[in-house]
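The structure appears right after this line, and notes come after that.
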Amino acid sequence: MKGVPAVDGVSAWWRSAVLYQIYPRSFVDFDGDGVGDLAGVTAQLDYLVKLGVDAVWLSPIYSSPMVDFGYDVTDHCWIDPIFGTLDDFDQMLAGAHARGLRVVLDFVPNHTSDRHPWFEQSRASRTNLRRDWYVWAEPADDGGPPNNWLSCFARAGSAWTLDATTGQYYLHSYAVEQPDLNWANSAVREAMIGVLRFWLDRGVDGFRVDAIHRLIKDPTLAPNPPEVAQARTGLGEDAKLLRHIDQPGVHHVIRELRAALSDYEPERLLLGEVGVADPERWAAYYGHGDELMLTLNFAFWSQLWSAAAFHDVIATTTRLVPDGAWPVWALGNHDIMRLATRYDEDGRGPLRARVAAMMLLTLRGTPLLYYGDEIGMTNVAVPAPYAVDIDGRDGARTPMQWSPGPNAGFTTASTPWLPVPDARIKNDNVTDQQADLGSLWRLYHDLLTLRRSTPALAGGESLLLPTDGRVLAYCRAAAGDGVLVALNFDHNPHSVPLPADLTGGTILLSTDPRRQQRVCGDVVKLAADEGVIIKRR
Ligand code: GLC
């Protein structure tokens, strides 16, 4: 693999990398069955290089009945035939590495499919050797669920389902078909660490760990207190009162996962999905350099489009990420509404999506992009007969729009697994945007190029400036190199006074392709919805 340059003396590759999430069902359908696959990812590796990202995170590709589209695993060490074979995986990995791209897999430790052989054994009898691999409990006195814990998915209701054969309830933090593993059992931990080793030995560069904050539950199975009894996630205000999410014992488990990774050279990434609202408790998942390397931040992508709101969440995150640890910034993923839909909701866009791209790629930390956001894909209103997701997330998972051709060039099948609306393809597709110097794709490309060649952006220190509520601005600096990023969150133009060292500076990049003026005086005049990067004189 090509070497990754040290940034400010920090050489961990994942600090200077830009990550890109692929939802494999929707990236490229190589075999023409309407669903994306691994051969499709291999076919578009050059695209990723051209865009300028450094690593991909693949949502799950393992054997699965697909109740939750791969987040319900039946064999952690096998590729689901819909995505291909282990050979296809090895080819994809080799192809990525040959291009200097790294590959991060999704590790789903909290639960398996109910059709996983472990669960089939566990539910077979109360005395089965794997009984304790899952969380089983006696019914309440009235025969109902053992306590009031709720599943994350509203449709599932209670987090408990009665197993008629053995007369006990099993816990499922998500769908009924996704029983929770019992991570308090050391045999489970050992087996799942074996899964990590299987993929590490195959050469993967790390893992995004799914729902890591849920691994350990209150061992007494105490009910959630009444004020949070309706909470389905750890993202509500009083979530710290919950008994089935974000329990102290989880940190011990994460240290074990991290220790398993540390046996490998070069360094492998441990990136965690931590759905915990309380900022201090969220930051605790970094541990003391012995837990997560990057901790996904729900608070960041949950903000409304407001300079003040982003100022606050960036300030809080920066303050709480422990010394020596490193933030990760993401505005999109397969569980939430597309960023272009959230921010450019008035149909004038993509304007704010451009400013969001500049913010994402210039903050101090590792940016994580979601496939299709680089061409401004918006949420698709999937009509009821075509809706397939258990939790209403189809709209953000539709096929990548590669070209203006049939089904956006995603598949040769007549029907892709989720629809691609025709009107959308006309504007938002890779082929057309690559040819258009003013496109959003170009902006992503130019931002990625600039980031790579500008040490202050890739790894420099950051100073967040006070906000007037309309413009968010911060300085980035590394030895002898400094830039100011100023992002206008408002639909009106605004002038921003420049600090002395930036007076007379040059605008390296603007989100507005119409910008002519490149040299600043002692102020920079931002157009409506414009972001700029200014270099010191
Ligand atoms: C995570 C995944 C989501 C999945 C859930 C259960 O939140 O991102 O897609 O449904 O975990 O695995």
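In the structure tokens, chains take the letters A, B, ... in the order shown, each chain's residues start at 1, and ligands count up from 1 in the order shown.
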>> For region 248-256 of chain A, find every residue with an atom within 12 Å (counting only C-alpha atoms), except residues of its own chain fewer than 3 positions away, and show them as number ranges by chain.
In response: A: 109-110, 182-186, 188-190, 192-194, 196, 209, 211-219, 240, 242-245, 259-263, 270-272, 274, 281-293, 295
> Can you tell me, as a ChimeraX atom specification, what residues are no more than 9 Å from Gly372 (chain A) when counting only C-alpha atoms, ignoring any on the same chain fewer than 2 positions away?
Replying inline: /A:27,369-370,374-378,399-401,428-430
> Which one of A:Gly275, A:Gly409, A:Pro226, A:Pro421 sits closest to ligand 1 if you count only C-alpha atoms and all ligand atoms?
Replying inline: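 Using only C-alpha atoms and all ligand atoms, the shortest distance to ligand 1 belongs to A:Gly275.
For ligand 1, the set of protein, DNA and RNA residues within 6 Å, based on only C-alpha atoms and all ligand atoms, reads Asp68, Tyr71, Tyr174, Asp210, Ala211 and Asp335 of chain A.
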Those residues with C-alpha atoms, as a PDB file, in the first residue's frame please?
ATOM      1  CA  ASP A  68     -32.565  -5.370   8.380  1.00  0.00           C
ATOM      2  CA  TYR A  71     -27.580  -5.939  10.032  1.00  0.00           C
ATOM      3  CA  TYR A 174     -33.951  -3.912  17.169  1.00  0.00           C
ATOM      4  CA  ASP A 210     -22.588  -1.073  14.881  1.00  0.00           C
ATOM      5  CA  ALA A 211     -24.602   0.075  17.931  1.00  0.00           C
ATOM      6  CA  ASP A 335     -30.234   5.627   8.751  1.00  0.00           C
TER       7      ASP A 335
END
> Can you list, as a PyMOL selection string, every protein, DNA or RNA residue that comes within 8 Å of Arg99 (chain A) when you count only C-alpha atoms, leaving out same-chain residues fewer than 3 positions away?
Replying inline: chain A and resi 1+45-46+49+95-96
As a tab-separated table (two decimals) with N, CA and C atoms, in the first residue's frame, please: all residues of region 137-308 of chain A that backbone DSSP puts in helix (DSSP H, G or I).
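Generated file (states-v8.tsv):
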chain	number	residue	atom	x	y	z
A	154	ALA	N	-39.82	1.31	16.22
A	154	ALA	CA	-41.17	1.48	16.75
A	154	ALA	C	-42.04	0.28	16.38
A	155	ARG	N	-41.85	-0.24	15.18
A	155	ARG	CA	-42.71	-1.31	14.72
A	155	ARG	C	-42.57	-2.58	15.59
A	156	ALA	N	-41.39	-2.75	16.20
A	156	ALA	CA	-41.17	-3.95	17.01
A	156	ALA	C	-41.81	-3.82	18.39
A	186	SER	N	-18.22	-14.50	28.46
A	186	SER	CA	-16.88	-14.38	27.85
A	186	SER	C	-16.76	-15.25	26.58
A	187	ALA	N	-17.56	-16.32	26.49
A	187	ALA	CA	-17.49	-17.15	25.28
A	187	ALA	C	-18.01	-16.36	24.07
A	188	VAL	N	-19.00	-15.51	24.29
A	188	VAL	CA	-19.52	-14.67	23.20
A	188	VAL	C	-18.44	-13.68	22.77
A	189	ARG	N	-17.80	-13.09	23.75
A	189	ARG	CA	-16.76	-12.10	23.43
A	189	ARG	C	-15.64	-12.77	22.62
A	190	GLU	N	-15.28	-13.96	23.06
A	190	GLU	CA	-14.20	-14.68	22.38
A	190	GLU	C	-14.61	-15.00	20.93
A	191	ALA	N	-15.84	-15.48	20.77
A	191	ALA	CA	-16.29	-15.85	19.42
A	191	ALA	C	-16.32	-14.63	18.51
A	192	MET	N	-16.79	-13.52	19.04
A	192	MET	CA	-16.91	-12.33	18.20
A	192	MET	C	-15.55	-11.69	17.92
A	193	ILE	N	-14.64	-11.83	18.85
A	193	ILE	CA	-13.28	-11.34	18.57
A	193	ILE	C	-12.64	-12.23	17.50
A	194	GLY	N	-13.02	-13.51	17.51
A	194	GLY	CA	-12.58	-14.42	16.44
A	194	GLY	C	-13.05	-13.92	15.08
A	195	VAL	N	-14.25	-13.36	15.04
A	195	VAL	CA	-14.77	-12.81	13.78
A	195	VAL	C	-13.89	-11.63	13.32
A	196	LEU	N	-13.55	-10.78	14.26
A	196	LEU	CA	-12.67	-9.65	13.91
A	196	LEU	C	-11.37	-10.18	13.31
A	197	ARG	N	-10.80	-11.19	13.97
A	197	ARG	CA	-9.51	-11.74	13.51
A	197	ARG	C	-9.64	-12.34	12.12
A	198	PHE	N	-10.76	-13.01	11.86
A	198	PHE	CA	-10.97	-13.60	10.54
A	198	PHE	C	-10.78	-12.54	9.45
A	199	TRP	N	-11.40	-11.38	9.65
A	199	TRP	CA	-11.33	-10.33	8.62
A	199	TRP	C	-10.00	-9.58	8.66
A	200	LEU	N	-9.46	-9.42	9.87
A	200	LEU	CA	-8.15	-8.74	9.97
A	200	LEU	C	-7.09	-9.59	9.26
A	201	ASP	N	-7.17	-10.91	9.47
A	201	ASP	CA	-6.19	-11.79	8.81
A	201	ASP	C	-6.35	-11.73	7.29
A	202	ARG	N	-7.54	-11.46	6.84
A	202	ARG	CA	-7.79	-11.33	5.40
A	202	ARG	C	-7.31	-10.00	4.86
A	212	ILE	N	-22.55	0.13	19.20
A	212	ILE	CA	-21.61	-0.34	20.22
A	212	ILE	C	-22.07	0.03	21.64
A	213	HIS	N	-22.83	1.11	21.76
A	213	HIS	CA	-23.27	1.58	23.07
A	213	HIS	C	-24.33	0.67	23.69
A	214	ARG	N	-24.76	-0.36	22.93
A	214	ARG	CA	-25.81	-1.23	23.46
A	214	ARG	C	-25.29	-2.59	23.93
A	226	PRO	N	-39.82	5.68	34.90
A	226	PRO	CA	-41.00	6.15	34.15
A	226	PRO	C	-40.70	7.32	33.21
A	227	GLU	N	-39.81	8.26	33.64
A	227	GLU	CA	-39.60	9.45	32.78
A	227	GLU	C	-38.93	9.12	31.45
A	228	VAL	N	-38.31	7.94	31.34
A	228	VAL	CA	-37.69	7.57	30.06
A	228	VAL	C	-38.30	6.26	29.52
A	239	ALA	N	-31.62	10.26	28.56
A	239	ALA	CA	-31.24	8.90	28.16
A	239	ALA	C	-30.27	8.25	29.13
A	240	LYS	N	-29.56	9.09	29.89
A	240	LYS	CA	-28.59	8.47	30.79
A	240	LYS	C	-29.25	7.65	31.90
A	241	LEU	N	-30.56	7.80	32.02
A	241	LEU	CA	-31.27	6.98	33.02
A	241	LEU	C	-31.59	5.58	32.51
A	250	VAL	N	-19.80	-1.45	29.30
A	250	VAL	CA	-19.50	-1.49	27.86
A	250	VAL	C	-18.04	-1.10	27.59
A	251	HIS	N	-17.49	-0.25	28.45
A	251	HIS	CA	-16.13	0.24	28.19
A	251	HIS	C	-15.09	-0.87	28.31
A	252	HIS	N	-15.35	-1.80	29.22
A	252	HIS	CA	-14.44	-2.93	29.37
A	252	HIS	C	-14.43	-3.76	28.06
A	253	VAL	N	-15.63	-3.97	27.52
A	253	VAL	CA	-15.75	-4.75	26.28
A	253	VAL	C	-15.02	-4.05	25.13
A	254	ILE	N	-15.18	-2.75	25.05
A	254	ILE	CA	-14.53	-2.02	23.95
A	254	ILE	C	-13.01	-2.11	24.08
A	255	ARG	N	-12.54	-2.07	25.32
A	255	ARG	CA	-11.08	-2.21	25.51
A	255	ARG	C	-10.60	-3.58	25.00
A	256	GLU	N	-11.44	-4.59	25.18
A	256	GLU	CA	-11.06	-5.92	24.66
A	256	GLU	C	-11.00	-5.92	23.13
A	257	LEU	N	-11.96	-5.25	22.51
A	257	LEU	CA	-11.96	-5.19	21.04
A	257	LEU	C	-10.72	-4.44	20.55
A	258	ARG	N	-10.44	-3.33	21.23
A	258	ARG	CA	-9.29	-2.52	20.83
A	258	ARG	C	-7.99	-3.30	20.99
A	259	ALA	N	-7.91	-4.07	22.09
A	259	ALA	CA	-6.70	-4.85	22.34
A	259	ALA	C	-6.52	-5.89	21.22
A	260	ALA	N	-7.63	-6.47	20.76
A	260	ALA	CA	-7.53	-7.47	19.68
A	260	ALA	C	-6.97	-6.83	18.42
A	261	LEU	N	-7.39	-5.60	18.15
A	261	LEU	CA	-6.89	-4.92	16.95
A	261	LEU	C	-5.42	-4.57	17.07
A	279	PRO	N	-23.09	14.51	25.99
A	279	PRO	CA	-21.78	14.68	25.35
A	279	PRO	C	-20.63	14.08	26.15
A	280	GLU	N	-20.69	14.20	27.49
A	280	GLU	CA	-19.59	13.62	28.29
A	280	GLU	C	-19.56	12.09	28.17
A	281	ARG	N	-20.75	11.52	28.24
A	281	ARG	CA	-20.80	10.05	28.15
A	281	ARG	C	-20.43	9.58	26.75
A	282	TRP	N	-20.79	10.39	25.75
A	282	TRP	CA	-20.40	10.06	24.37
A	282	TRP	C	-18.86	10.07	24.26
A	283	ALA	N	-18.24	11.11	24.79
A	283	ALA	CA	-16.78	11.24	24.66
A	283	ALA	C	-16.05	10.13	25.40
A	284	ALA	N	-16.70	9.55	26.42
A	284	ALA	CA	-16.04	8.49	27.20
A	284	ALA	C	-15.72	7.28	26.34
A	285	TYR	N	-16.35	7.17	25.17
A	285	TYR	CA	-16.10	6.00	24.30
A	285	TYR	C	-14.73	6.06	23.63
A	286	TYR	N	-14.04	7.20	23.77
A	286	TYR	CA	-12.64	7.23	23.32
A	286	TYR	C	-11.74	6.55	24.35
A	298	PHE	N	-23.72	11.61	16.73
A	298	PHE	CA	-25.11	11.88	16.33
A	298	PHE	C	-25.46	13.35	16.50
A	299	ALA	N	-24.85	13.99	17.50
A	299	ALA	CA	-25.20	15.39	17.78
A	299	ALA	C	-24.85	16.27	16.58
A	300	PHE	N	-23.81	15.91	15.85
A	300	PHE	CA	-23.38	16.74	14.72
A	300	PHE	C	-24.41	16.69	13.59
A	301	TRP	N	-24.78	15.46	13.16
A	301	TRP	CA	-25.68	15.39	12.01
A	301	TRP	C	-27.13	15.67	12.39
A	307	ALA	N	-25.90	28.42	12.02
A	307	ALA	CA	-24.48	28.65	12.33
A	307	ALA	C	-24.26	28.50	13.84
A	308	ALA	N	-25.22	29.00	14.63
A	308	ALA	CA	-25.05	28.93	16.08
A	308	ALA	C	-25.07	27.48	16.56
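Considering only C-alpha atoms, the residue among A:Phe207, A:Tyr169, A:Tyr474, A:Trp417 positioned nearest to Leu457 (chain A) is A:Tyr474.
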Could you write out, as a PDB file with N, CA, C and O atoms, in the first residue's frame, all the residues of region 83-205 of chain A that DSSP marks as strand (DSSP E)?
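result_17.pdb, freshly written:
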ATOM      1  N   ARG A 102      -8.226   2.146   1.488  1.00  0.00           N
ATOM      2  CA  ARG A 102      -8.408   1.200   2.584  1.00  0.00           C
ATOM      3  C   ARG A 102      -9.869   0.778   2.686  1.00  0.00           C
ATOM      4  O   ARG A 102     -10.765   1.499   2.225  1.00  0.00           O
ATOM      5  N   VAL A 103     -10.067  -0.384   3.311  1.00  0.00           N
ATOM      6  CA  VAL A 103     -11.423  -0.934   3.386  1.00  0.00           C
ATOM      7  C   VAL A 103     -11.773  -1.228   4.845  1.00  0.00           C
ATOM      8  O   VAL A 103     -11.061  -1.964   5.534  1.00  0.00           O
ATOM      9  N   VAL A 104     -12.869  -0.642   5.277  1.00  0.00           N
ATOM     10  CA  VAL A 104     -13.357  -0.800   6.649  1.00  0.00           C
ATOM     11  C   VAL A 104     -14.693  -1.539   6.577  1.00  0.00           C
ATOM     12  O   VAL A 104     -15.578  -1.141   5.814  1.00  0.00           O
ATOM     13  N   LEU A 105     -14.824  -2.616   7.342  1.00  0.00           N
ATOM     14  CA  LEU A 105     -16.077  -3.389   7.323  1.00  0.00           C
ATOM     15  C   LEU A 105     -16.986  -2.975   8.474  1.00  0.00           C
ATOM     16  O   LEU A 105     -16.534  -2.431   9.475  1.00  0.00           O
ATOM     17  N   ASP A 106     -18.270  -3.289   8.296  1.00  0.00           N
ATOM     18  CA  ASP A 106     -19.239  -3.052   9.364  1.00  0.00           C
ATOM     19  C   ASP A 106     -19.243  -4.294  10.257  1.00  0.00           C
ATOM     20  O   ASP A 106     -19.443  -5.400   9.776  1.00  0.00           O
ATOM     21  N   PHE A 107     -18.996  -4.126  11.529  1.00  0.00           N
ATOM     22  CA  PHE A 107     -19.007  -5.235  12.489  1.00  0.00           C
ATOM     23  C   PHE A 107     -20.277  -5.069  13.321  1.00  0.00           C
ATOM     24  O   PHE A 107     -20.495  -3.994  13.897  1.00  0.00           O
ATOM     25  N   TRP A 136     -31.872 -13.995  27.888  1.00  0.00           N
ATOM     26  CA  TRP A 136     -33.172 -14.636  28.150  1.00  0.00           C
ATOM     27  C   TRP A 136     -33.671 -14.231  29.538  1.00  0.00           C
ATOM     28  O   TRP A 136     -32.870 -14.044  30.447  1.00  0.00           O
ATOM     29  N   ALA A 137     -34.987 -14.111  29.661  1.00  0.00           N
ATOM     30  CA  ALA A 137     -35.529 -13.791  30.988  1.00  0.00           C
ATOM     31  C   ALA A 137     -36.927 -14.377  31.145  1.00  0.00           C
ATOM     32  O   ALA A 137     -37.648 -14.585  30.163  1.00  0.00           O
ATOM     33  N   TRP A 160     -38.707  -7.238  23.944  1.00  0.00           N
ATOM     34  CA  TRP A 160     -38.739  -8.651  24.346  1.00  0.00           C
ATOM     35  C   TRP A 160     -39.756  -9.421  23.508  1.00  0.00           C
ATOM     36  O   TRP A 160     -40.846  -8.914  23.241  1.00  0.00           O
ATOM     37  N   THR A 161     -39.399 -10.635  23.168  1.00  0.00           N
ATOM     38  CA  THR A 161     -40.348 -11.518  22.475  1.00  0.00           C
ATOM     39  C   THR A 161     -40.343 -12.863  23.181  1.00  0.00           C
ATOM     40  O   THR A 161     -39.278 -13.402  23.514  1.00  0.00           O
ATOM     41  N   LEU A 162     -41.555 -13.390  23.368  1.00  0.00           N
ATOM     42  CA  LEU A 162     -41.694 -14.685  24.044  1.00  0.00           C
ATOM     43  C   LEU A 162     -41.358 -15.808  23.076  1.00  0.00           C
ATOM     44  O   LEU A 162     -41.826 -15.826  21.936  1.00  0.00           O
ATOM     45  N   ASP A 163     -40.521 -16.724  23.550  1.00  0.00           N
ATOM     46  CA  ASP A 163     -40.218 -17.917  22.775  1.00  0.00           C
ATOM     47  C   ASP A 163     -41.089 -19.041  23.340  1.00  0.00           C
ATOM     48  O   ASP A 163     -40.853 -19.508  24.465  1.00  0.00           O
ATOM     49  N   GLN A 168     -39.532 -18.598  27.821  1.00  0.00           N
ATOM     50  CA  GLN A 168     -38.840 -17.385  28.278  1.00  0.00           C
ATOM     51  C   GLN A 168     -38.852 -16.334  27.160  1.00  0.00           C
ATOM     52  O   GLN A 168     -39.078 -16.658  25.985  1.00  0.00           O
ATOM     53  N   TYR A 169     -38.596 -15.112  27.566  1.00  0.00           N
ATOM     54  CA  TYR A 169     -38.484 -14.020  26.597  1.00  0.00           C
ATOM     55  C   TYR A 169     -37.015 -13.827  26.202  1.00  0.00           C
ATOM     56  O   TYR A 169     -36.126 -13.989  27.039  1.00  0.00           O
ATOM     57  N   TYR A 170     -36.772 -13.461  24.942  1.00  0.00           N
ATOM     58  CA  TYR A 170     -35.416 -13.038  24.553  1.00  0.00           C
ATOM     59  C   TYR A 170     -35.433 -11.554  24.209  1.00  0.00           C
ATOM     60  O   TYR A 170     -36.443 -11.003  23.777  1.00  0.00           O
ATOM     61  N   LEU A 171     -34.274 -10.945  24.411  1.00  0.00           N
ATOM     62  CA  LEU A 171     -34.137  -9.498  24.202  1.00  0.00           C
ATOM     63  C   LEU A 171     -33.734  -9.213  22.758  1.00  0.00           C
ATOM     64  O   LEU A 171     -32.876  -9.890  22.196  1.00  0.00           O
TER      65      LEU A 171
END
>> I want to know what sits within 12 Å of Ala43 (chain A), based on only C-alpha atoms, with residues of the same chain fewer than 2 positions away left out; could you give that as an NGL selection string?
In response: :A and (27-31 or 36-41 or 45-49 or 88 or 91-93 or 95-96 or 410)
I need the residues from that last selection saved to file as a compact mmCIF listing (two decimals), in the first residue's frame (with C-alpha atoms), if you can.
# COMPACT_ATOMS: atom_id res chain seq x y z
CA PHE A 27 -23.69 1.30 -5.20
CA VAL A 28 -23.24 -0.70 -8.43
CA ASP A 29 -25.14 -3.79 -9.57
CA PHE A 30 -22.57 -5.76 -11.56
CA ASP A 31 -24.50 -9.01 -12.07
CA GLY A 36 -25.63 -3.83 -5.81
CA ASP A 37 -22.73 -6.20 -5.17
CA LEU A 38 -19.02 -6.49 -4.41
CA ALA A 39 -18.00 -6.86 -8.06
CA GLY A 40 -19.79 -3.55 -8.56
CA VAL A 41 -17.69 -1.92 -5.86
CA LEU A 45 -12.77 1.73 -7.28
CA ASP A 46 -11.25 4.10 -9.82
CA TYR A 47 -14.21 6.39 -9.28
CA LEU A 48 -13.35 6.63 -5.59
CA VAL A 49 -9.74 7.43 -6.42
CA ASP A 88 -15.18 -11.35 -4.95
CA GLN A 91 -10.58 -9.17 -5.33
CA MET A 92 -12.28 -6.03 -4.14
CA LEU A 93 -9.87 -5.73 -1.21
CA GLY A 95 -8.09 -3.86 -5.97
CA ALA A 96 -8.65 -1.25 -3.28
CA PHE A 410 -26.91 1.51 -11.48
> Counting only C-alpha atoms, what is within 8 Å of Asn488 (chain A), bar same-chain residues fewer than 6 positions away, as a list in words?
Replying inline: Ala307, Val355, Arg470, Val471, Leu472, His494, Leu526, Ala527, Ala528, Asp529, Glu530 and Gly531 of chain A
> From the set A:Thr449, A:Thr127, A:Ser173, A:Thr362, which residue has the shortest atom-to-atom contact distance to Ser151 (chain A), counting only C-alpha atoms?
Replying inline: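 Among A:Thr449, A:Thr127, A:Ser173, A:Thr362, it is A:Ser173 that comes nearest to Ser151 (chain A).
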> Using only C-alpha atoms, which residue out of A:Pro497, A:Pro404, A:Gly482, A:Gly392 lies closest to Ile533 (chain A)?
Replying inline: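 Closest to Ile533 (chain A), using only C-alpha atoms: A:Gly482.
Between Thr74 (chain A) and the candidates A:Gly157, A:Pro179, A:Gly167, A:Gly395, the tightest atom-to-atom separation, counting only C-alpha atoms, involves A:Pro179.
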> Could you pull the residues within 6 Å of Leu181 (chain A), counting only C-alpha atoms, minus those fewer than 4 positions along the same chain, as a PyMOL selection string?
Replying inline: chain A and resi 110-111+133-134
> Between A:Asp72, A:Val18, A:Gly144, A:Gly504, which is the closest to Trp329 (chain A) once you count only C-alpha atoms?
Replying inline: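 Smallest distance to Trp329 (chain A) is found for A:Val18.
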